[in-house]
$ cat input_1.txt   # compact mmCIF, C-alpha atoms and all ligand atoms
# COMPACT_ATOMS: atom_id res chain seq x y z
CA THR U 690 -14.74 10.18 -32.94
CA GLY U 691 -13.72 13.30 -31.11
CA TYR U 692 -10.46 14.68 -29.79
CA PHE U 693 -8.54 13.15 -26.92
CA THR U 694 -4.99 13.22 -25.57
CA TYR U 695 -2.75 10.21 -25.84
CA ASP U 696 -1.20 9.90 -22.38
CA PRO U 697 0.26 6.46 -21.59
CA GLY U 698 0.60 5.92 -17.84
CA PHE U 699 -1.65 9.00 -17.30
CA THR U 700 1.42 11.08 -16.46
CA SER U 701 -0.38 14.33 -17.26
CA THR U 702 -4.04 13.46 -16.80
CA GLY U 703 -5.98 14.74 -13.79
CA SER U 704 -8.72 12.16 -13.32
CA CYS U 705 -10.65 13.80 -10.49
CA GLU U 706 -10.92 16.63 -7.99
CA SER U 707 -9.93 15.60 -4.50
CA LYS U 708 -9.78 17.22 -1.06
CA ILE U 709 -8.02 14.35 0.68
CA THR U 710 -4.27 14.31 0.01
CA TYR U 711 -1.90 16.95 -1.32
CA ILE U 712 1.56 16.15 -2.68
CA ASP U 713 4.20 18.62 -3.82
CA GLY U 714 6.67 16.24 -5.43
CA ASP U 715 9.33 18.89 -6.06
CA GLU U 716 9.39 20.05 -2.46
CA GLY U 717 8.82 16.61 -0.90
CA VAL U 718 5.57 17.67 0.81
CA LEU U 719 2.71 15.32 1.73
CA LEU U 720 -0.42 16.61 3.49
CA HIS U 721 -3.52 14.69 4.51
CA ARG U 722 -6.52 17.03 4.74
CA GLY U 723 -3.93 19.81 5.22
CA PHE U 724 -1.88 18.13 7.95
CA ALA U 725 1.80 17.29 7.30
CA ILE U 726 2.60 13.58 7.25
CA ASP U 727 5.55 13.87 9.65
CA GLU U 728 3.40 15.71 12.23
CA LEU U 729 0.68 13.09 11.91
CA ALA U 730 3.19 10.24 12.22
CA GLU U 731 4.73 11.83 15.33
CA ASN U 732 1.58 12.95 17.12
CA ALA U 733 -1.50 11.07 15.94
CA THR U 734 -2.60 7.45 16.04
CA PHE U 735 -3.60 5.48 12.95
CA PRO U 736 -7.32 5.46 13.88
CA GLU U 737 -7.16 9.27 14.25
CA VAL U 738 -5.65 9.50 10.76
CA CYS U 739 -8.36 7.14 9.45
CA PHE U 740 -11.02 9.39 10.97
CA LEU U 741 -9.30 12.43 9.44
CA LEU U 742 -9.19 10.92 5.96
CA LEU U 743 -12.82 9.87 6.13
CA ASN U 744 -14.24 12.98 7.84
CA ASN U 745 -11.97 15.89 6.92
CA HIS U 746 -11.16 16.85 10.54
CA LEU U 747 -9.15 15.38 13.39
CA PRO U 748 -11.48 13.75 15.91
CA ASN U 749 -12.05 15.38 19.28
CA LYS U 750 -11.76 13.16 22.36
CA ALA U 751 -15.35 11.88 22.21
CA GLU U 752 -15.21 11.30 18.45
CA LYS U 753 -11.90 9.47 18.80
CA GLU U 754 -13.32 7.13 21.44
CA GLU U 755 -16.47 6.53 19.45
CA PHE U 756 -14.50 5.81 16.26
CA GLU U 757 -12.16 3.40 18.05
CA ASN U 758 -15.19 1.61 19.48
CA ILE U 759 -16.74 1.35 16.01
CA LEU U 760 -13.52 -0.20 14.69
CA ARG U 761 -13.48 -2.65 17.59
CA ARG U 762 -17.12 -3.57 17.05
CA HIS U 763 -16.46 -4.42 13.40
CA SER U 764 -13.10 -6.15 13.83
CA MET U 765 -14.38 -9.75 13.78
CA VAL U 766 -15.06 -11.42 10.45
CA HIS U 767 -18.05 -13.64 9.76
CA GLU U 768 -17.16 -17.14 10.93
CA GLN U 769 -18.06 -18.45 7.48
CA LEU U 770 -15.33 -16.29 5.98
CA THR U 771 -12.69 -18.26 7.90
CA LYS U 772 -13.56 -21.23 5.64
CA PHE U 773 -12.21 -19.41 2.59
CA TYR U 774 -8.65 -19.76 3.83
CA SER U 775 -8.63 -23.54 3.73
CA GLY U 776 -9.33 -23.39 -0.01
CA PHE U 777 -5.87 -21.88 -0.54
CA ARG U 778 -2.59 -23.75 -0.60
CA ARG U 779 -0.58 -23.13 2.57
CA ASP U 780 2.22 -21.65 0.47
CA ALA U 781 -0.08 -19.24 -1.38
CA HIS U 782 1.19 -15.68 -1.45
CA PRO U 783 -0.70 -13.78 1.29
CA MET U 784 -1.51 -11.02 -1.22
CA ALA U 785 -3.39 -13.61 -3.30
CA ILE U 786 -5.31 -14.61 -0.17
CA LEU U 787 -5.95 -10.99 0.84
CA CYS U 788 -7.25 -10.16 -2.62
CA GLY U 789 -9.57 -13.18 -2.69
CA VAL U 790 -10.89 -12.89 0.85
CA THR U 791 -11.45 -9.12 0.66
CA GLY U 792 -13.34 -9.60 -2.59
CA ALA U 793 -15.39 -12.28 -0.83
CA LEU U 794 -16.54 -9.70 1.75
CA SER U 795 -18.76 -8.32 -1.02
CA ALA U 796 -20.77 -11.55 -0.84
CA PHE U 797 -21.28 -11.07 2.92
CA TYR U 798 -22.41 -7.44 2.70
CA HIS U 799 -24.01 -7.54 -0.71
CA ASP U 800 -27.52 -6.70 0.43
CA SER U 801 -26.53 -3.99 2.88
CA THR U 802 -24.22 -2.18 0.50
CA ASP U 803 -26.47 0.31 -1.18
CA ILE U 804 -23.89 2.82 -2.36
CA ASP U 805 -26.49 5.55 -2.78
CA ASP U 806 -27.15 5.48 0.97
CA PRO U 807 -24.57 7.59 2.90
CA VAL U 808 -25.09 5.50 6.04
CA GLN U 809 -24.28 2.30 4.15
CA ARG U 810 -21.23 3.93 2.57
CA LYS U 811 -19.97 4.85 6.03
CA ILE U 812 -20.60 1.35 7.41
CA ALA U 813 -18.77 -0.22 4.46
CA ALA U 814 -15.78 2.06 5.15
CA HIS U 815 -15.77 1.17 8.86
CA ARG U 816 -16.09 -2.53 8.15
CA LEU U 817 -13.18 -2.48 5.74
CA VAL U 818 -10.81 -0.54 8.01
CA ALA U 819 -11.80 -2.66 11.02
CA LYS U 820 -11.61 -6.08 9.37
CA MET U 821 -8.46 -5.69 7.30
CA PRO U 822 -6.04 -6.41 10.22
CA THR U 823 -8.04 -9.53 11.07
CA ILE U 824 -8.03 -10.75 7.46
CA ALA U 825 -4.31 -9.97 7.04
CA ALA U 826 -3.32 -11.67 10.31
CA MET U 827 -5.39 -14.72 9.34
CA ALA U 828 -3.47 -14.95 6.03
CA TYR U 829 -0.25 -15.09 8.04
CA LYS U 830 -1.61 -17.62 10.54
CA TYR U 831 -2.82 -19.83 7.71
CA SER U 832 0.63 -19.85 6.09
CA MET U 833 2.14 -20.87 9.44
CA GLY U 834 -0.41 -23.61 10.13
CA GLN U 835 -1.34 -21.86 13.38
CA PRO U 836 -4.87 -21.27 14.70
CA PHE U 837 -6.54 -17.95 13.88
CA MET U 838 -6.58 -15.50 16.79
CA TYR U 839 -9.78 -13.55 17.37
CA PRO U 840 -9.42 -9.77 17.74
CA ARG U 841 -9.21 -8.37 21.27
CA ASN U 842 -11.18 -5.27 22.19
CA ASP U 843 -8.84 -4.18 24.99
CA LEU U 844 -5.99 -3.56 22.55
CA SER U 845 -5.31 -0.64 20.22
CA TYR U 846 -5.60 -1.11 16.44
CA ALA U 847 -1.85 -1.73 15.95
CA GLU U 848 -1.49 -3.82 19.13
CA ASN U 849 -4.43 -5.96 18.11
CA PHE U 850 -2.92 -6.63 14.71
CA LEU U 851 0.42 -7.65 16.26
CA TYR U 852 -1.45 -9.82 18.77
CA MET U 853 -3.50 -11.58 16.06
CA THR U 854 -0.33 -12.09 13.99
CA PHE U 855 2.22 -13.16 16.56
CA GLY U 856 0.09 -14.37 19.47
CA THR U 857 -0.87 -18.02 19.91
CA PRO U 858 -3.43 -19.54 22.29
CA CYS U 859 -0.57 -21.01 24.36
CA GLU U 860 1.53 -17.86 24.46
CA PRO U 861 -0.30 -14.57 23.93
CA TYR U 862 1.74 -11.82 22.33
CA LYS U 863 3.28 -9.50 24.90
CA VAL U 864 2.59 -5.98 23.75
CA ASN U 865 5.77 -3.98 23.30
CA PRO U 866 4.79 -0.28 23.24
CA ILE U 867 7.77 0.73 21.07
CA LEU U 868 6.97 -1.90 18.45
CA SER U 869 3.24 -1.20 18.42
CA LYS U 870 3.97 2.54 18.12
CA ALA U 871 6.27 1.74 15.18
CA MET U 872 3.54 -0.43 13.61
CA ASP U 873 1.05 2.40 14.07
CA LYS U 874 3.47 4.85 12.41
CA ILE U 875 4.03 2.48 9.47
CA PHE U 876 0.25 2.32 9.02
CA ILE U 877 0.01 6.14 9.11
CA LEU U 878 2.80 6.50 6.53
CA HIS U 879 0.91 4.24 4.11
CA ALA U 880 -2.61 5.53 4.73
CA ASP U 881 -3.12 7.46 1.49
CA HIS U 882 -1.17 8.85 -1.43
CA GLU U 883 -3.68 10.46 -3.82
CA GLN U 884 -4.17 9.05 -7.34
CA ASN U 885 -1.56 6.27 -7.47
CA ALA U 886 -2.18 3.09 -9.49
CA SER U 887 -4.14 1.19 -6.82
CA THR U 888 -6.25 4.19 -5.76
CA SER U 889 -7.03 4.97 -9.38
CA THR U 890 -7.96 1.29 -9.78
CA VAL U 891 -10.37 1.52 -6.85
CA ARG U 892 -11.91 4.70 -8.27
CA LEU U 893 -12.19 3.23 -11.76
CA ALA U 894 -13.77 0.01 -10.50
CA GLY U 895 -16.11 2.02 -8.25
CA SER U 896 -17.05 4.45 -11.02
CA SER U 897 -19.39 1.83 -12.49
CA GLY U 898 -21.27 1.62 -9.18
CA ALA U 899 -19.62 -1.67 -8.16
CA ASN U 900 -19.67 -3.08 -4.64
CA PRO U 901 -17.03 -1.26 -2.50
CA PHE U 902 -15.57 -4.47 -1.05
CA ALA U 903 -14.95 -5.76 -4.59
CA CYS U 904 -13.40 -2.37 -5.50
CA ILE U 905 -10.93 -2.68 -2.63
CA ALA U 906 -9.99 -6.17 -3.85
CA ALA U 907 -9.20 -4.55 -7.22
CA GLY U 908 -6.98 -2.03 -5.40
CA ILE U 909 -5.15 -4.86 -3.63
CA ALA U 910 -4.48 -6.53 -7.00
CA SER U 911 -3.01 -3.31 -8.37
CA LEU U 912 -0.90 -2.67 -5.26
CA TRP U 913 0.71 -6.10 -5.47
CA GLY U 914 3.03 -5.26 -8.40
CA PRO U 915 6.73 -4.57 -7.70
CA ALA U 916 6.54 -1.10 -9.29
CA HIS U 917 3.94 -0.16 -6.63
CA GLY U 918 3.35 -1.71 -3.16
CA GLY U 919 5.26 -4.86 -4.02
CA ALA U 920 8.42 -2.73 -3.94
CA ASN U 921 8.88 -3.19 -0.16
CA GLU U 922 9.18 -6.94 -0.69
CA ALA U 923 11.43 -6.37 -3.71
CA VAL U 924 13.72 -4.02 -1.71
CA LEU U 925 14.45 -6.68 0.86
CA LYS U 926 15.07 -9.32 -1.78
CA MET U 927 17.43 -6.88 -3.53
CA LEU U 928 19.34 -6.09 -0.31
CA GLU U 929 19.70 -9.81 0.32
CA GLU U 930 20.89 -10.36 -3.23
CA ILE U 931 23.46 -7.56 -2.91
CA GLY U 932 24.64 -9.35 0.23
CA SER U 933 27.56 -7.10 1.15
CA VAL U 934 28.54 -3.44 1.01
CA GLU U 935 31.39 -4.31 -1.38
CA ARG U 936 28.94 -5.47 -4.05
CA ILE U 937 26.87 -2.25 -4.09
CA PRO U 938 28.80 -0.56 -6.96
CA GLU U 939 28.04 -3.55 -9.19
CA PHE U 940 24.29 -3.14 -8.59
CA VAL U 941 24.42 0.63 -8.99
CA ARG U 942 26.20 0.09 -12.30
CA ARG U 943 23.50 -2.35 -13.40
CA ALA U 944 20.72 0.09 -12.41
CA LYS U 945 22.29 2.73 -14.66
CA ASP U 946 22.77 0.39 -17.62
CA LYS U 947 20.13 1.02 -20.31
CA ASN U 948 20.50 -2.56 -21.54
CA ASP U 949 19.84 -4.05 -18.11
CA ASN U 950 16.28 -4.17 -16.78
CA PHE U 951 17.48 -4.04 -13.18
CA ARG U 952 16.28 -1.06 -11.13
CA LEU U 953 17.21 -0.08 -7.61
CA MET U 954 14.03 -1.02 -5.78
CA GLY U 955 12.85 1.58 -3.28
CA PHE U 956 14.23 4.40 -5.44
CA GLY U 957 12.31 6.80 -7.64
CA HIS U 958 8.73 7.94 -7.71
CA ARG U 959 6.32 9.21 -10.33
CA VAL U 960 5.52 12.32 -8.27
CA TYR U 961 8.39 12.87 -5.81
CA LYS U 962 11.41 14.43 -7.43
CA ASN U 963 12.82 15.04 -3.96
CA TYR U 964 13.24 12.95 -0.79
CA ASP U 965 9.94 11.13 -0.08
CA PRO U 966 8.84 12.67 3.28
CA ARG U 967 7.53 9.25 4.33
CA ALA U 968 10.99 7.74 3.81
CA GLN U 969 12.46 10.29 6.26
CA VAL U 970 10.10 9.17 9.05
CA MET U 971 10.56 5.52 8.08
CA ARG U 972 14.35 5.82 8.31
CA LYS U 973 14.10 7.22 11.87
CA THR U 974 11.55 4.57 12.89
CA CYS U 975 13.82 1.89 11.49
CA HIS U 976 16.64 2.95 13.82
CA GLU U 977 14.23 3.11 16.81
CA VAL U 978 12.97 -0.42 16.18
CA LEU U 979 16.42 -1.93 15.67
CA ASN U 980 17.56 -0.18 18.87
CA GLU U 981 14.60 -1.48 20.82
CA LEU U 982 15.18 -5.01 19.58
CA GLY U 983 18.89 -4.72 20.39
CA ILE U 984 19.84 -5.41 16.77
CA LYS U 985 23.25 -3.77 16.40
CA ASP U 986 24.77 -5.38 13.36
CA GLU U 987 22.03 -5.63 10.80
CA PRO U 988 23.94 -6.22 7.56
CA LEU U 989 20.90 -5.33 5.45
CA LEU U 990 20.65 -1.94 7.15
CA ASP U 991 24.36 -1.33 6.55
CA ILE U 992 23.84 -2.16 2.88
CA ALA U 993 20.74 0.07 2.73
CA MET U 994 22.52 3.06 4.31
CA GLU U 995 25.55 2.69 2.04
CA LEU U 996 23.34 2.21 -1.02
CA GLU U 997 21.44 5.36 -0.15
CA LYS U 998 24.70 7.28 0.28
CA ILE U 999 26.16 6.08 -3.02
CA ALA U 1000 22.95 6.55 -5.00
CA LEU U 1001 22.33 10.04 -3.63
CA SER U 1002 25.81 11.18 -4.71
CA ASP U 1003 25.70 9.48 -8.12
CA GLU U 1004 25.15 11.71 -11.14
CA TYR U 1005 22.62 9.35 -12.74
CA PHE U 1006 20.34 9.38 -9.69
CA ILE U 1007 20.82 13.11 -9.08
CA GLU U 1008 20.03 13.99 -12.68
CA LYS U 1009 16.94 11.77 -12.79
CA LYS U 1010 15.90 12.92 -9.29
CA LEU U 1011 15.69 9.38 -7.94
CA TYR U 1012 15.41 9.49 -4.15
CA PRO U 1013 14.60 6.72 -1.67
CA ASN U 1014 10.83 6.21 -1.41
CA VAL U 1015 8.61 4.90 1.40
CA ASP U 1016 9.42 1.29 0.60
CA PHE U 1017 13.15 1.64 0.99
CA TYR U 1018 13.32 1.36 4.78
CA SER U 1019 10.00 -0.26 5.67
CA GLY U 1020 11.17 -3.78 4.74
CA ILE U 1021 14.07 -3.67 7.20
CA ILE U 1022 11.76 -2.63 10.06
CA LEU U 1023 9.16 -5.27 9.20
CA LYS U 1024 11.81 -7.98 8.94
CA ALA U 1025 13.20 -6.98 12.35
CA MET U 1026 9.69 -7.15 13.80
CA GLY U 1027 9.40 -10.75 12.61
CA PHE U 1028 7.24 -10.42 9.49
CA PRO U 1029 8.14 -12.68 6.57
CA THR U 1030 8.91 -10.82 3.35
CA SER U 1031 5.70 -12.04 1.72
CA MET U 1032 3.66 -10.12 4.34
CA PHE U 1033 5.21 -6.70 3.60
CA THR U 1034 2.82 -5.73 0.82
CA VAL U 1035 -0.10 -7.09 2.85
CA LEU U 1036 0.73 -4.55 5.57
CA PHE U 1037 0.80 -1.82 2.92
CA ALA U 1038 -2.66 -2.93 1.71
CA LEU U 1039 -4.00 -3.04 5.26
CA ALA U 1040 -2.96 0.56 5.88
CA ARG U 1041 -3.93 1.84 2.41
CA THR U 1042 -7.47 0.48 2.75
CA VAL U 1043 -8.58 3.66 4.53
CA GLY U 1044 -7.15 5.80 1.73
CA TRP U 1045 -8.83 3.68 -0.93
CA ILE U 1046 -12.22 3.75 0.74
CA SER U 1047 -11.99 7.49 1.51
CA GLN U 1048 -11.23 8.14 -2.16
CA TRP U 1049 -14.04 5.79 -3.22
CA LYS U 1050 -16.46 7.64 -0.93
CA GLU U 1051 -15.33 11.03 -2.21
CA MET U 1052 -15.84 9.85 -5.80
CA ILE U 1053 -19.35 8.49 -5.16
CA GLU U 1054 -20.28 11.75 -3.41
CA ASP U 1055 -18.86 13.93 -6.23
CA PRO U 1056 -21.67 15.26 -8.46
CA ALA U 1057 -19.19 15.43 -11.38
CA GLN U 1058 -18.51 11.70 -11.08
CA LYS U 1059 -18.78 9.69 -14.31
CA ILE U 1060 -17.90 6.15 -15.22
CA GLY U 1061 -14.14 6.02 -15.89
CA ARG U 1062 -13.61 5.23 -19.54
CA PRO U 1063 -10.24 6.13 -21.09
CA ARG U 1064 -9.84 6.22 -24.84
CA GLN U 1065 -7.14 4.50 -26.89
CA LEU U 1066 -4.94 5.05 -29.90
CA TYR U 1067 -5.77 2.13 -32.17
CA THR U 1068 -2.67 0.82 -33.97
CA GLY U 1069 -4.02 -2.56 -35.19
CA GLN U 1070 -5.16 -3.85 -38.57
CA THR U 1071 -7.44 -1.85 -40.78
CA ARG U 1072 -10.61 -3.62 -41.97
CA ARG U 1073 -9.97 -6.81 -43.96
CA PRO U 1074 -12.24 -9.51 -45.42
CA PHE U 1075 -13.11 -12.57 -43.33
CA VAL U 1076 -11.15 -15.70 -44.33
CA PRO U 1077 -13.06 -19.03 -44.21
CA LEU U 1078 -11.28 -21.75 -42.19
CA ALA U 1079 -10.45 -23.89 -45.25
CA GLU U 1080 -8.65 -20.96 -46.87
CA ARG U 1081 -6.47 -20.02 -43.87
CA GLY U 1082 -2.79 -20.86 -44.33
N1 LIG U 1101 16.55 2.57 -10.63
C1 LIG U 1101 17.19 2.96 -11.75
N2 LIG U 1101 16.66 3.78 -12.66
C2 LIG U 1101 15.42 4.24 -12.44
C3 LIG U 1101 14.69 3.88 -11.29
C4 LIG U 1101 15.30 3.02 -10.37
N3 LIG U 1101 14.65 2.64 -9.26
N4 LIG U 1101 13.47 4.49 -11.30
C5 LIG U 1101 13.44 5.20 -12.44
N5 LIG U 1101 14.61 5.06 -13.13
C6 LIG U 1101 14.96 5.73 -14.40
C7 LIG U 1101 14.23 5.08 -15.56
O1 LIG U 1101 15.03 4.08 -16.16
C8 LIG U 1101 14.02 6.26 -16.47
O2 LIG U 1101 15.21 6.51 -17.18
P1 LIG U 1101 15.15 7.10 -18.69
O3 LIG U 1101 14.47 8.43 -18.56
O4 LIG U 1101 16.59 7.20 -19.08
O5 LIG U 1101 14.37 6.11 -19.49
C9 LIG U 1101 13.80 7.44 -15.52
O6 LIG U 1101 14.48 7.06 -14.30
C10 LIG U 1101 12.33 7.73 -15.22
O7 LIG U 1101 11.71 6.50 -14.82
P2 LIG U 1101 10.26 6.06 -15.24
O8 LIG U 1101 10.13 4.60 -15.09
O9 LIG U 1101 9.94 6.66 -16.58
O10 LIG U 1101 9.42 6.84 -14.15
P3 LIG U 1101 7.96 6.46 -13.64
O11 LIG U 1101 7.43 7.68 -13.01
O12 LIG U 1101 7.18 5.83 -14.75
O13 LIG U 1101 8.23 5.31 -12.55
C11 LIG U 1101 8.61 4.16 -10.52
C12 LIG U 1101 8.22 5.50 -11.18
C13 LIG U 1101 8.37 4.28 -9.01
C14 LIG U 1101 7.73 3.04 -11.07
C15 LIG U 1101 10.11 3.88 -10.79
O14 LIG U 1101 10.92 4.89 -10.25
C16 LIG U 1101 10.53 2.50 -10.27
O15 LIG U 1101 10.37 1.49 -10.95
N6 LIG U 1101 11.13 2.45 -9.01
C17 LIG U 1101 11.49 1.19 -8.41
C18 LIG U 1101 10.26 0.52 -7.82
C19 LIG U 1101 9.79 1.20 -6.54
O16 LIG U 1101 10.56 1.48 -5.64
N7 LIG U 1101 8.46 1.45 -6.46
C20 LIG U 1101 7.83 2.01 -5.28
C21 LIG U 1101 7.25 3.37 -5.56
S1 LIG U 1101 6.78 4.24 -4.07
C22 LIG U 1101 5.56 3.31 -3.31
C23 LIG U 1101 4.41 2.94 -4.16
O17 LIG U 1101 3.97 3.68 -5.04
O18 LIG U 1101 3.85 1.86 -3.93
$ encode --input "input_1.txt" --output "structure tokens" --more "lines below"
Ligand code: CMC
Amino acid sequence: TGYFTYDPGFTSTGSCESKITYIDGDEGVLLHRGFAIDELAENATFPEVCFLLLNNHLPNKAEKEEFENILRRHSMVHEQLTKFYSGFRRDAHPMAILCGVTGALSAFYHDSTDIDDPVQRKIAAHRLVAKMPTIAAMAYKYSMGQPFMYPRNDLSYAENFLYMTFGTPCEPYKVNPILSKAMDKIFILHADHEQNASTSTVRLAGSSGANPFACIAAGIASLWGPAHGGANEAVLKMLEEIGSVERIPEFVRRAKDKNDNFRLMGFGHRVYKNYDPRAQVMRKTCHEVLNELGIKDEPLLDIAMELEKIALSDEYFIEKKLYPNVDFYSGIILKAMGFPTSMFTVLFALARTVGWISQWKEMIEDPAQKIGRPRQLYTGQTRRPFVPLAERG
């Protein structure tokens, strides 16, 4: 029934046209709407980058203020949504909670989400970006058995998230500008990355005309895996397992062994065959945060730096062009900031939400858009006669 290309993992299939994010994997270049990621991370705030991804231009002063106000206005979640948390076990993985609760948003905005209406599409995007820090912080609070903290409109996006996560009614979080700047940068570095697994999942789910909140829940599910966003959690677990600089060669040996499934987490990328530009900024931010917190002897950082050095000079990694990716350093920063390992991928999801919803919006607005429907190469049984139950062996 027609010709198609067999392309497992879609390594050579372009699924859409996009004007949002450009990657040159050989040169290690990442641009959002034409702006270099390192310049954005150094000079812009996360809400500015959100505006840029959604609107194709950096906001002027008035637009920036208006956008920040919109995010503030939408940052609270429906009080009824807070009830969802108590249905989860306290030890549930926060990604499971994030996936469930974000999907549940579709039940709250079901009637207002007419995807053919550009105004509704915009509101859905604003709601998602604004509510994700609240939902993520609530997942953390629930795991700790602490009361939920309502968002505060006098704080910036990153400050507010840190406040809702680490503040308590008895001792409000004291905003540390260096840490909130670092948080903001981490959000910027994760904001979008063109047609990766989770973004493609969001587009595929949305291609049927599904509710955008449910599509984002699908993206969260896809991000969770250790080959994708779950890698930041896996990196930290790996560094802890390595335990000391002396044991690195053993793990490098294992990573190179064809008969061992072990991979160096935080290394390699489907598109980057050069240093991931996000990892460069992350590495610098990592040192800034550890400095600010007065952490001098962080054994995990020593292991990470040595691992990077060894891997980058090893023939196997050079030949296969395996460089550190964005997840390699982020875990160390997040750990130093006080986040438990299980929250790392949640932070990735929080920041990636703007990328997902920008890509969803672009797809819905693309006249060439069709329902996503890949083909398959059938390798199963040919037709055979039905066997009645009594005759089955
Ligand atoms: N350690 C050791 N060997 C590796 C690694 C690694 N981290 N990554 C790839 N290889 C080898 C792999 O065994 C294969 O060897 P061969 O050609 O001999 O079979 C070759 O390099 C190509 O790997 P691949 O799996 O075919 O490449 P891919 O494009 O399908 O996978 C990847 C990309 C990111 C899934 C993979 O590099 C990986 O598993 N890395 C570790 C997990 C990780 O850090 N993921 C985060 C990615 S960046 C953030 C994000 O997307 O969320």
$ closest_atom_pairs --input "input_1.txt" --of "chain U" --to "ligand LIG 1101 (chain U)" --cutoff "7 Å" --atoms "only C-alpha atoms and all ligand atoms" --output "Markdown table"
| residue | atom | partner | partner_atom | distance |
| --- | --- | --- | --- | --- |
| U:Asn885 | CA | U:LIG1101 | O17 | 6.6 |
| U:Leu912 | CA | U:LIG1101 | O18 | 6.7 |
| U:Pro915 | CA | U:LIG1101 | C18 | 6.2 |
| U:Ala916 | CA | U:LIG1101 | N7 | 4.3 |
| U:His917 | CA | U:LIG1101 | O18 | 3.4 |
| U:Gly918 | CA | U:LIG1101 | O18 | 3.7 |
| U:Gly919 | CA | U:LIG1101 | O18 | 6.9 |
| U:Ala920 | CA | U:LIG1101 | N7 | 4.9 |
| U:Ala944 | CA | U:LIG1101 | C1 | 4.6 |
| U:Lys945 | CA | U:LIG1101 | C1 | 5.9 |
| U:Arg952 | CA | U:LIG1101 | N1 | 3.7 |
| U:Leu953 | CA | U:LIG1101 | N1 | 4.1 |
| U:Met954 | CA | U:LIG1101 | C17 | 4.3 |
| U:Gly955 | CA | U:LIG1101 | O16 | 3.3 |
| U:Phe956 | CA | U:LIG1101 | N3 | 4.2 |
| U:Gly957 | CA | U:LIG1101 | O14 | 3.5 |
| U:His958 | CA | U:LIG1101 | C13 | 3.9 |
| U:Arg959 | CA | U:LIG1101 | O11 | 3.3 |
| U:Val960 | CA | U:LIG1101 | O11 | 6.9 |
| U:Lys1009 | CA | U:LIG1101 | O6 | 5.5 |
| U:Leu1011 | CA | U:LIG1101 | N4 | 6.3 |
| U:Asn1014 | CA | U:LIG1101 | S1 | 5.2 |
| U:Val1015 | CA | U:LIG1101 | S1 | 5.8 |
| U:Asp1016 | CA | U:LIG1101 | C22 | 5.9 |
$ atom_distance --input "input_1.txt" --atom1 "atom CA of U:Lys863" --atom2 "atom CA of U:Phe735"
20.4 Å
$ residues_near_point --input "input_1.txt" --point "(1.2, 13.0, -13.8)" --cutoff "12 Å" --atoms "all atoms listed in the file" --output "list in words"
Asp696, Pro697, Gly698, Phe699, Thr700, Ser701, Thr702, Gly703, Ser704, Ile712, Asp713, Gly714, Glu883, Gln884, Asn885, Ala886, His958, Arg959, Val960 and Tyr961 of chain U
$ residues_near_point --input "input_1.txt" --point "(0.9, -8.8, -6.2)" --cutoff "12 Å" --atoms "all atoms listed in the file" --output "ChimeraX atom specification"
/U:781-789,887,906-923,1031-1035,1037-1038
$ residues_around --input "input_1.txt" --residues "stretch 798-814 of chain U" --least-positions-apart "2" --cutoff "12 Å" --atoms "all atoms listed in the file" --output "MDAnalysis selection string"
chainID U and resid 739:740 742:744 756 759:760 762:763 766:767 770 791:796 816:821 895:905 1042:1055
$ atom_distance --input "input_1.txt" --atom1 "atom CA of U:Val891" --atom2 "atom CA of U:Val738"
19.9 Å
$ atom_distance --input "input_1.txt" --atom1 "atom CA of U:Ile877" --atom2 "atom CA of U:Pro966"
12.4 Å
$ closest_residue --input "input_1.txt" --among "U:Lys998, U:Arg1041, U:Lys753, U:His815" --to "U:Val941" --atoms "all atoms listed in the file"
U:Lys998
$ closest_residue --input "input_1.txt" --among "U:Gly776, U:Pro858, U:Pro736, U:Pro1074" --to "U:Asn758" --atoms "all atoms listed in the file"
U:Pro736
$ closest_residue --input "input_1.txt" --among "U:His882, U:Tyr1005, U:Lys985, U:Leu979" --to "U:Arg943" --atoms "all atoms listed in the file"
U:Tyr1005
$ closest_residue --input "input_1.txt" --among "U:Val970, U:Ile937, U:Ala828, U:Val790" --to "U:Glu728" --atoms "all atoms listed in the file"
U:Val970
$ closest_atom_pairs --input "input_1.txt" --of "stretch 991-1071 of chain U" --to "stretch 845-852 of chain U" --cutoff "12 Å" --atoms "all atoms listed in the file" --output "JSON lines"
{"residue": "U:Leu1023", "atom": "CA", "partner": "U:Leu851", "partner_atom": "CA", "distance": 11.5}
{"residue": "U:Met1026", "atom": "CA", "partner": "U:Leu851", "partner_atom": "CA", "distance": 9.6}
{"residue": "U:Gly1027", "atom": "CA", "partner": "U:Leu851", "partner_atom": "CA", "distance": 10.2}
{"residue": "U:Phe1028", "atom": "CA", "partner": "U:Leu851", "partner_atom": "CA", "distance": 10.0}
{"residue": "U:Leu1036", "atom": "CA", "partner": "U:Phe850", "partner_atom": "CA", "distance": 10.1}
{"residue": "U:Leu1039", "atom": "CA", "partner": "U:Phe850", "partner_atom": "CA", "distance": 10.2}
{"residue": "U:Ala1040", "atom": "CA", "partner": "U:Ala847", "partner_atom": "CA", "distance": 10.4}
$ closest_residue --input "input_1.txt" --among "U:Gly717, U:Arg1062, U:Gly834, U:Thr890" --to "U:Gln969" --atoms "only C-alpha atoms"
U:Gly717
$ closest_residue --input "input_1.txt" --among "U:Glu706, U:Asn865, U:Lys830, U:Arg761" --to "U:Asp843" --atoms "only C-alpha atoms"
U:Arg761
